[in-house]
Structures are given as C-alpha cells and as structure tokens.
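To be precise, the following lines are work_33.cif, and they hold mmCIF, C-alpha atoms.
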```
data_query
#
loop_
_atom_site.group_PDB
_atom_site.id
_atom_site.type_symbol
_atom_site.label_atom_id
_atom_site.label_comp_id
_atom_site.auth_asym_id
_atom_site.auth_seq_id
_atom_site.Cartn_x
_atom_site.Cartn_y
_atom_site.Cartn_z
ATOM 1 C CA MET A 1 -20.930 2.277 4.841
ATOM 2 C CA SER A 2 -23.745 0.155 6.105
ATOM 3 C CA ARG A 3 -22.712 -3.284 4.805
ATOM 4 C CA ARG A 4 -20.703 -5.655 6.984
ATOM 5 C CA GLY A 5 -18.376 -8.592 6.556
ATOM 6 C CA LEU A 6 -15.004 -9.302 4.980
ATOM 7 C CA GLY A 7 -16.202 -8.244 1.522
ATOM 8 C CA MET A 8 -17.019 -4.774 2.786
ATOM 9 C CA LEU A 9 -13.880 -4.726 4.889
ATOM 10 C CA LEU A 10 -11.977 -4.873 1.589
ATOM 11 C CA GLU A 11 -14.226 -2.523 -0.386
ATOM 12 C CA ASN A 12 -14.812 1.228 -0.486
ATOM 13 C CA GLU A 13 -16.966 3.453 -2.673
ATOM 14 C CA ASN A 14 -14.822 3.218 -5.827
ATOM 15 C CA ILE A 15 -12.337 0.382 -5.267
ATOM 16 C CA LYS A 16 -12.021 -3.083 -3.807
ATOM 17 C CA LEU A 17 -9.065 -5.202 -2.770
ATOM 18 C CA GLY A 18 -8.752 -8.731 -4.072
ATOM 19 C CA PRO A 19 -6.561 -11.285 -5.804
ATOM 20 C CA VAL A 20 -4.371 -10.684 -8.831
ATOM 21 C CA LEU A 21 -5.174 -13.100 -11.644
ATOM 22 C CA GLU A 22 -2.589 -15.259 -13.410
ATOM 23 C CA ASP A 23 -2.691 -13.233 -16.631
ATOM 24 C CA GLU A 24 -2.314 -9.846 -14.875
ATOM 25 C CA PHE A 25 1.360 -10.071 -13.940
ATOM 26 C CA GLU A 26 2.315 -8.762 -17.403
ATOM 27 C CA LYS A 27 0.234 -5.679 -16.643
ATOM 28 C CA ILE A 28 1.984 -5.186 -13.294
ATOM 29 C CA ALA A 29 5.382 -5.622 -14.982
ATOM 30 C CA GLY A 30 4.363 -2.832 -17.365
ATOM 31 C CA TRP A 31 3.946 -0.468 -14.423
ATOM 32 C CA TYR A 32 7.665 -0.821 -13.749
ATOM 33 C CA TRP A 33 8.286 1.057 -17.007
ATOM 34 C CA HIS A 34 6.996 4.211 -15.239
ATOM 35 C CA GLU A 35 10.183 5.657 -13.804
ATOM 36 C CA SER A 36 8.230 8.177 -11.714
ATOM 37 C CA LEU A 37 6.313 5.332 -10.029
ATOM 38 C CA VAL A 38 9.337 3.129 -9.390
ATOM 39 C CA ARG A 39 11.355 6.010 -7.932
ATOM 40 C CA ARG A 40 8.622 6.501 -5.352
ATOM 41 C CA LEU A 41 8.580 2.819 -4.351
ATOM 42 C CA ASP A 42 12.182 1.755 -4.068
ATOM 43 C CA ALA A 43 15.589 3.105 -3.072
ATOM 44 C CA SER A 44 17.337 0.536 -5.263
ATOM 45 C CA PRO A 45 18.612 1.550 -8.690
ATOM 46 C CA TYR A 46 15.849 1.672 -11.290
ATOM 47 C CA ARG A 47 15.286 -1.618 -13.080
ATOM 48 C CA PHE A 48 12.504 -3.364 -14.921
ATOM 49 C CA ARG A 49 10.652 -6.336 -13.437
ATOM 50 C CA THR A 50 9.446 -9.335 -15.379
ATOM 51 C CA ALA A 51 6.020 -10.893 -15.037
ATOM 52 C CA GLU A 52 7.650 -14.117 -13.802
ATOM 53 C CA GLU A 53 9.629 -12.251 -11.125
ATOM 54 C CA LEU A 54 6.511 -10.484 -9.921
ATOM 55 C CA LYS A 55 4.425 -13.651 -9.965
ATOM 56 C CA LYS A 56 7.018 -15.502 -7.871
ATOM 57 C CA TRP A 57 7.114 -12.633 -5.344
ATOM 58 C CA TRP A 58 3.317 -12.313 -5.242
ATOM 59 C CA LEU A 59 2.606 -16.029 -4.795
ATOM 60 C CA GLU A 60 5.386 -16.891 -2.350
ATOM 61 C CA LYS A 61 4.100 -18.555 0.800
ATOM 62 C CA ASP A 62 4.802 -16.055 3.537
ATOM 63 C CA ASP A 63 2.793 -15.961 6.746
ATOM 64 C CA ALA A 64 4.228 -12.491 7.387
ATOM 65 C CA ALA A 65 2.697 -10.894 4.268
ATOM 66 C CA ARG A 66 -0.683 -10.171 2.717
ATOM 67 C CA ARG A 67 -0.980 -8.741 -0.807
ATOM 68 C CA PHE A 68 -4.048 -7.450 -2.616
ATOM 69 C CA GLY A 69 -4.718 -6.078 -6.047
ATOM 70 C CA ILE A 70 -6.619 -2.780 -6.174
ATOM 71 C CA ARG A 71 -9.588 -2.925 -8.554
ATOM 72 C CA LEU A 72 -12.103 -0.353 -9.702
ATOM 73 C CA ASN A 73 -15.606 -1.324 -8.595
ATOM 74 C CA ASP A 74 -17.294 -0.287 -11.837
ATOM 75 C CA THR A 75 -14.979 -2.086 -14.305
ATOM 76 C CA ASN A 76 -13.046 -4.566 -12.111
ATOM 77 C CA ALA A 77 -9.857 -3.222 -13.756
ATOM 78 C CA LEU A 78 -6.632 -3.813 -11.824
ATOM 79 C CA ILE A 79 -5.020 -0.413 -11.108
ATOM 80 C CA GLY A 80 -2.501 -1.146 -8.351
ATOM 81 C CA PHE A 81 -1.696 -3.146 -5.254
ATOM 82 C CA VAL A 82 -1.302 -2.866 -1.494
ATOM 83 C CA GLU A 83 0.873 -4.976 0.726
ATOM 84 C CA ILE A 84 1.040 -5.678 4.429
ATOM 85 C CA ASP A 85 4.403 -7.315 5.046
ATOM 86 C CA GLY A 86 7.070 -7.919 7.632
ATOM 87 C CA ILE A 87 4.300 -8.869 10.055
ATOM 88 C CA LEU A 88 5.686 -9.563 13.511
ATOM 89 C CA TRP A 89 2.811 -11.548 14.948
ATOM 90 C CA ASN A 90 4.219 -11.610 18.482
ATOM 91 C CA HIS A 91 4.391 -7.792 18.545
ATOM 92 C CA ARG A 92 1.367 -7.254 16.250
ATOM 93 C CA ASN A 93 3.301 -4.857 13.993
ATOM 94 C CA ALA A 94 3.617 -4.697 10.207
ATOM 95 C CA TRP A 95 4.785 -2.586 7.279
ATOM 96 C CA VAL A 96 2.340 -1.325 4.651
ATOM 97 C CA SER A 97 2.915 -0.126 1.111
ATOM 98 C CA ILE A 98 0.820 0.887 -1.871
ATOM 99 C CA ALA A 99 1.271 1.477 -5.584
ATOM 100 C CA ILE A 100 -1.260 2.803 -8.066
ATOM 101 C CA GLY A 101 0.326 1.512 -11.255
ATOM 102 C CA GLU A 102 -2.135 2.908 -13.787
ATOM 103 C CA SER A 103 -0.964 6.496 -14.285
ATOM 104 C CA ALA A 104 -4.367 7.489 -15.706
ATOM 105 C CA GLU A 105 -5.812 6.743 -12.253
ATOM 106 C CA TRP A 106 -3.339 8.850 -10.244
ATOM 107 C CA GLY A 107 -4.799 11.702 -8.223
ATOM 108 C CA LYS A 108 -8.361 10.342 -8.124
ATOM 109 C CA GLY A 109 -8.418 9.270 -4.467
ATOM 110 C CA TYR A 110 -8.151 5.548 -5.188
ATOM 111 C CA GLY A 111 -4.946 5.276 -3.158
ATOM 112 C CA LYS A 112 -6.674 6.712 -0.100
ATOM 113 C CA GLU A 113 -9.605 4.322 -0.471
ATOM 114 C CA ALA A 114 -7.251 1.363 -0.896
ATOM 115 C CA MET A 115 -5.211 2.323 2.157
ATOM 116 C CA GLU A 116 -8.412 2.703 4.196
ATOM 117 C CA CYS A 117 -9.314 -0.884 3.263
ATOM 118 C CA CYS A 118 -5.795 -2.077 4.008
ATOM 119 C CA ILE A 119 -5.815 -0.409 7.431
ATOM 120 C CA ARG A 120 -9.237 -1.833 8.304
ATOM 121 C CA TYR A 121 -8.068 -5.301 7.281
ATOM 122 C CA ALA A 122 -4.847 -4.981 9.302
ATOM 123 C CA PHE A 123 -6.541 -3.784 12.475
ATOM 124 C CA LEU A 124 -9.884 -5.593 12.359
ATOM 125 C CA GLU A 125 -9.055 -8.878 10.623
ATOM 126 C CA LEU A 126 -5.368 -9.435 11.440
ATOM 127 C CA ASN A 127 -5.722 -7.802 14.877
ATOM 128 C CA LEU A 128 -2.522 -5.817 14.440
ATOM 129 C CA HIS A 129 -1.571 -3.066 16.883
ATOM 130 C CA ARG A 130 0.754 -0.938 14.738
ATOM 131 C CA LEU A 131 1.329 -0.199 11.059
ATOM 132 C CA GLN A 132 4.389 1.564 9.725
ATOM 133 C CA LEU A 133 5.752 2.724 6.415
ATOM 134 C CA THR A 134 8.573 4.693 4.892
ATOM 135 C CA VAL A 135 8.297 7.387 2.254
ATOM 136 C CA PHE A 136 10.884 9.534 0.509
ATOM 137 C CA SER A 137 10.704 13.232 1.382
ATOM 138 C CA TYR A 138 10.175 14.219 -2.277
ATOM 139 C CA ASN A 139 6.950 12.176 -2.475
ATOM 140 C CA GLU A 140 4.766 15.002 -1.187
ATOM 141 C CA SER A 141 1.447 13.571 -2.389
ATOM 142 C CA ALA A 142 2.074 10.322 -0.477
ATOM 143 C CA ILE A 143 3.083 12.261 2.649
ATOM 144 C CA ARG A 144 -0.215 14.192 2.491
ATOM 145 C CA LEU A 145 -2.113 10.919 2.009
ATOM 146 C CA TYR A 146 -0.492 9.229 4.999
ATOM 147 C CA ALA A 147 -1.136 12.266 7.220
ATOM 148 C CA ALA A 148 -4.795 12.315 6.117
ATOM 149 C CA LEU A 149 -5.061 8.640 7.093
ATOM 150 C CA GLY A 150 -3.748 9.406 10.590
ATOM 151 C CA PHE A 151 -0.155 8.225 10.228
ATOM 152 C CA VAL A 152 2.281 10.152 12.433
ATOM 153 C CA LYS A 153 5.809 11.076 11.372
ATOM 154 C CA GLU A 154 8.106 9.269 13.786
ATOM 155 C CA GLY A 155 11.536 9.979 12.377
ATOM 156 C CA ALA A 156 13.809 10.360 9.400
ATOM 157 C CA HIS A 157 16.811 8.674 7.877
ATOM 158 C CA ARG A 158 18.511 11.903 6.836
ATOM 159 C CA GLU A 159 19.919 12.176 3.307
ATOM 160 C CA PHE A 160 19.116 8.505 2.778
ATOM 161 C CA ILE A 161 18.682 8.581 -0.978
ATOM 162 C CA GLU A 162 20.198 10.494 -3.874
ATOM 163 C CA ARG A 163 18.099 11.294 -6.924
ATOM 164 C CA ASN A 164 19.400 13.406 -9.787
ATOM 165 C CA GLY A 165 22.304 14.687 -7.709
ATOM 166 C CA LYS A 166 20.198 15.766 -4.721
ATOM 167 C CA LYS A 167 19.909 14.068 -1.308
ATOM 168 C CA TYR A 168 16.512 13.264 0.227
ATOM 169 C CA ASP A 169 15.375 11.890 3.561
ATOM 170 C CA MET A 170 13.477 8.651 4.029
ATOM 171 C CA LEU A 171 10.707 9.344 6.532
ATOM 172 C CA LEU A 172 9.188 6.826 8.942
ATOM 173 C CA TYR A 173 5.457 7.042 9.662
ATOM 174 C CA GLY A 174 3.434 4.950 12.088
ATOM 175 C CA LEU A 175 -0.209 4.404 12.972
ATOM 176 C CA LEU A 176 -1.390 2.756 16.178
ATOM 177 C CA ARG A 177 -4.728 1.040 16.317
ATOM 178 C CA SER A 178 -5.700 3.295 19.251
ATOM 179 C CA GLU A 179 -5.056 6.367 17.049
ATOM 180 C CA TRP A 180 -6.987 5.054 14.090
ATOM 181 C CA GLN A 181 -10.403 6.549 13.509
ATOM 182 C CA ASN A 182 -12.593 3.474 13.087
ATOM 183 C CA ASP A 183 -15.956 4.360 11.573
ATOM 184 C CA ASN A 184 -17.536 1.738 13.883
ATOM 185 C CA ASP A 185 -19.289 0.174 10.923
ATOM 186 C CA TYR A 186 -17.343 -3.066 11.248
ATOM 187 C CA PRO A 187 -17.673 -5.605 14.041
ATOM 188 C CA LEU A 188 -14.580 -6.187 16.127
#
```

Show me the file's structure as structure tokens.
Amino acid sequence: MSRRGLGMLLENENIKLGPVLEDEFEKIAGWYWHESLVRRLDASPYRFRTAEELKKWWLEKDDAARRFGIRLNDTNALIGFVEIDGILWNHRNAWVSIAIGESAEWGKGYGKEAMECCIRYAFLELNLHRLQLTVFSYNESAIRLYAALGFVKEGAHREFIERNGKKYDMLLYGLLRSEWQNDNDYPL
C-alpha cells in the first residue's frame, strides 16, 4: 500500500472498516440465525439476537472498546464486524474478535484483511502493546488465520466447552506489537 492516513489504516485491497448504519442492525441480527457462525463466537447457549439488543451493545459508550463494520470496497456492503474491547489503557492490552456474518463471503480472505486493519489500528492509532483473543479448538480455519497474522498460542482452557456431546479446548492467542510485522507503510 502506498496511501497513508487513517482512511488507509482502516482499508485493505478488498475491504474497509467503518461505522454500522442505523438500518443495518436488522442485517446483523440475521447473522445470528447462522448456528455455525454463532457457535464459533460464543460459549453461551445458542440464542438469537434482536436488532435493538445489537444496536444497544454497538452504540454503548465504552472507552475500552472500538467496533467497526467490515465493508466490501466495491459495493460498500456490510459483511461482518471486528471489535477491540476490554482495553486496559494502563497496560496497553486489549482483546480482539471478528465475525464475517455473510456466509457467501466466507473463505474469501476478507477476515484476514479485516484483522490486518484491526491490528494496524490497535498498534498504530491506539498505541497498544498487546492484543489477545480466544478461539475454540474446533475452529480450525480461525486458528490458521490467527497464526498467519502472527498470533502465538499462549495456552488453553482444557475441555472448556461441550458441543454435540464432545469437549473442546478454548485456546488463548496473543500478539505483541514487537512481534507484529508492520509493512512500514504507515507513520508511527
């Protein structure tokens, strides 16, 4: 990338991060009908979310969280979201999470591009030192993604979750700013 600035910090070749519009919370609520998506995001029992619930969560004033919609550059269609939350400003640490809600867009690399933007924003704009996330051991595509982004497996909560009668671990991954491969295209 040769362009600079916050706009490019939040944009990659095929996607960009930005706000979710008032009328898009119904769309996000629809993603919670995809059991396979929800079971990758949450250890809680499966349940639907309403647009009002999601809107309240999204718009809550929280200095320890940043949320962005993921949009396709060519159509501006909302396909998912990323979140940086649980920010501990004094320690410069935070949690990150991602969801590609549009199943037709799964497996196209948009999640990787969105996480690259999220990581750049966290390290270059928020000046964080460490990002962390958890992932269930059955979510192999997400584990490959996080490894490709430079996240390191730091531990496991063994047999943390039960799905369809089988126990799975919840894995902890972390990424330090010093480990992150900055493409040096963005001013510090």

Could you state which residues are captured by the PyMOL selection byres ((chain A and resi 143) around 12) in this file, as a compact mmCIF listing (two decimals) with C-alpha atoms, in the coordinates of the input?
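Final output, saved to result.txt:
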```txt
# COMPACT_ATOMS: atom_id res chain seq x y z
CA ARG A 40 8.62 6.50 -5.35
CA LYS A 112 -6.67 6.71 -0.10
CA LEU A 133 5.75 2.72 6.42
CA THR A 134 8.57 4.69 4.89
CA VAL A 135 8.30 7.39 2.25
CA PHE A 136 10.88 9.53 0.51
CA SER A 137 10.70 13.23 1.38
CA TYR A 138 10.18 14.22 -2.28
CA ASN A 139 6.95 12.18 -2.48
CA GLU A 140 4.77 15.00 -1.19
CA SER A 141 1.45 13.57 -2.39
CA ALA A 142 2.07 10.32 -0.48
CA ARG A 144 -0.22 14.19 2.49
CA LEU A 145 -2.11 10.92 2.01
CA TYR A 146 -0.49 9.23 5.00
CA ALA A 147 -1.14 12.27 7.22
CA ALA A 148 -4.80 12.32 6.12
CA LEU A 149 -5.06 8.64 7.09
CA GLY A 150 -3.75 9.41 10.59
CA PHE A 151 -0.16 8.22 10.23
CA VAL A 152 2.28 10.15 12.43
CA LYS A 153 5.81 11.08 11.37
CA MET A 170 13.48 8.65 4.03
CA LEU A 171 10.71 9.34 6.53
CA LEU A 172 9.19 6.83 8.94
CA TYR A 173 5.46 7.04 9.66
CA GLY A 174 3.43 4.95 12.09
```

Requested in this report: Show which residues sit within 9 Å of A:Phe81, as a ChimeraX atom specification. Count only C-alpha atoms, and ignore same-chain residues fewer than 5 positions away.
Outcome: /A:17,20,67-71,97-101,114

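Reported to one decimal place, the separation of atom CA of A:Gln132 from atom CA of A:Trp95 is 4.8 Å.
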
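Run against this file, the PyMOL selection byres ((chain A and resi 14) around 8) gives back Glu11, Asn12, Glu13, Ile15, Lys16, Leu72, Asn73, Asp74, Tyr110 and Glu113 of chain A.
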
Query raised in the report: Any idea what's packed within 7 Å of stretch 120-125 of chain A, counting only C-alpha atoms, ignoring anything in its chain fewer than 4 positions away? Could you give it as an MDAnalysis selection string?
Result: chainID A and resid 9:10 116 129 177 188

Just write the chosen residues, C-alpha atoms, as an mmCIF file, in the frame of the given file.
```cif
data_model
loop_
_atom_site.group_PDB
_atom_site.id
_atom_site.type_symbol
_atom_site.label_atom_id
_atom_site.label_comp_id
_atom_site.auth_asym_id
_atom_site.auth_seq_id
_atom_site.Cartn_x
_atom_site.Cartn_y
_atom_site.Cartn_z
ATOM 1 C CA LEU A 9 -13.880 -4.726 4.889
ATOM 2 C CA LEU A 10 -11.977 -4.873 1.589
ATOM 3 C CA GLU A 116 -8.412 2.703 4.196
ATOM 4 C CA HIS A 129 -1.571 -3.066 16.883
ATOM 5 C CA ARG A 177 -4.728 1.040 16.317
ATOM 6 C CA LEU A 188 -14.580 -6.187 16.127
#
```

Quick one: stretch 12-32 of chain A with N, CA and C atoms, as a short mmCIF file (atom, residue, chain, number, x, y, z; two decimals), keeping the file's coordinate frame?
```cif
data_model
loop_
_atom_site.label_atom_id
_atom_site.label_comp_id
_atom_site.auth_asym_id
_atom_site.auth_seq_id
_atom_site.Cartn_x
_atom_site.Cartn_y
_atom_site.Cartn_z
N ASN A 12 -14.40 -0.14 -0.74
CA ASN A 12 -14.81 1.23 -0.49
C ASN A 12 -15.71 1.68 -1.63
N GLU A 13 -16.02 2.94 -1.68
CA GLU A 13 -16.97 3.45 -2.67
C GLU A 13 -16.55 3.15 -4.11
N ASN A 14 -15.28 3.34 -4.44
CA ASN A 14 -14.82 3.22 -5.83
C ASN A 14 -13.89 2.06 -6.11
N ILE A 15 -13.32 1.46 -5.06
CA ILE A 15 -12.34 0.38 -5.27
C ILE A 15 -12.63 -0.79 -4.35
N LYS A 16 -12.00 -1.91 -4.68
CA LYS A 16 -12.02 -3.08 -3.81
C LYS A 16 -10.65 -3.74 -3.87
N LEU A 17 -10.30 -4.44 -2.81
CA LEU A 17 -9.06 -5.20 -2.77
C LEU A 17 -9.39 -6.66 -3.03
N GLY A 18 -8.53 -7.33 -3.78
CA GLY A 18 -8.75 -8.73 -4.07
C GLY A 18 -7.54 -9.36 -4.71
N PRO A 19 -7.70 -10.57 -5.22
CA PRO A 19 -6.56 -11.28 -5.80
C PRO A 19 -6.12 -10.68 -7.14
N VAL A 20 -4.89 -10.98 -7.49
CA VAL A 20 -4.37 -10.68 -8.83
C VAL A 20 -4.46 -11.98 -9.62
N LEU A 21 -4.98 -11.91 -10.82
CA LEU A 21 -5.17 -13.10 -11.64
C LEU A 21 -3.89 -13.46 -12.39
N GLU A 22 -3.78 -14.71 -12.74
CA GLU A 22 -2.59 -15.26 -13.41
C GLU A 22 -2.13 -14.41 -14.60
N ASP A 23 -3.06 -13.96 -15.41
CA ASP A 23 -2.69 -13.23 -16.63
C ASP A 23 -2.46 -11.74 -16.40
N GLU A 24 -2.48 -11.28 -15.15
CA GLU A 24 -2.31 -9.85 -14.88
C GLU A 24 -0.90 -9.45 -14.47
N PHE A 25 0.00 -10.42 -14.34
CA PHE A 25 1.36 -10.07 -13.94
C PHE A 25 2.10 -9.32 -15.04
N GLU A 26 1.74 -9.56 -16.30
CA GLU A 26 2.32 -8.76 -17.40
C GLU A 26 1.93 -7.29 -17.24
N LYS A 27 0.70 -7.05 -16.86
CA LYS A 27 0.23 -5.68 -16.64
C LYS A 27 1.03 -5.02 -15.52
N ILE A 28 1.22 -5.73 -14.41
CA ILE A 28 1.98 -5.19 -13.29
C ILE A 28 3.42 -4.91 -13.73
N ALA A 29 4.02 -5.83 -14.49
CA ALA A 29 5.38 -5.62 -14.98
C ALA A 29 5.45 -4.34 -15.82
N GLY A 30 4.41 -4.06 -16.57
CA GLY A 30 4.36 -2.83 -17.36
C GLY A 30 4.41 -1.58 -16.52
N TRP A 31 3.90 -1.64 -15.31
CA TRP A 31 3.95 -0.47 -14.42
C TRP A 31 5.38 -0.10 -14.07
N TYR A 32 6.27 -1.08 -14.09
CA TYR A 32 7.66 -0.82 -13.75
C TYR A 32 8.41 -0.10 -14.87
#
```
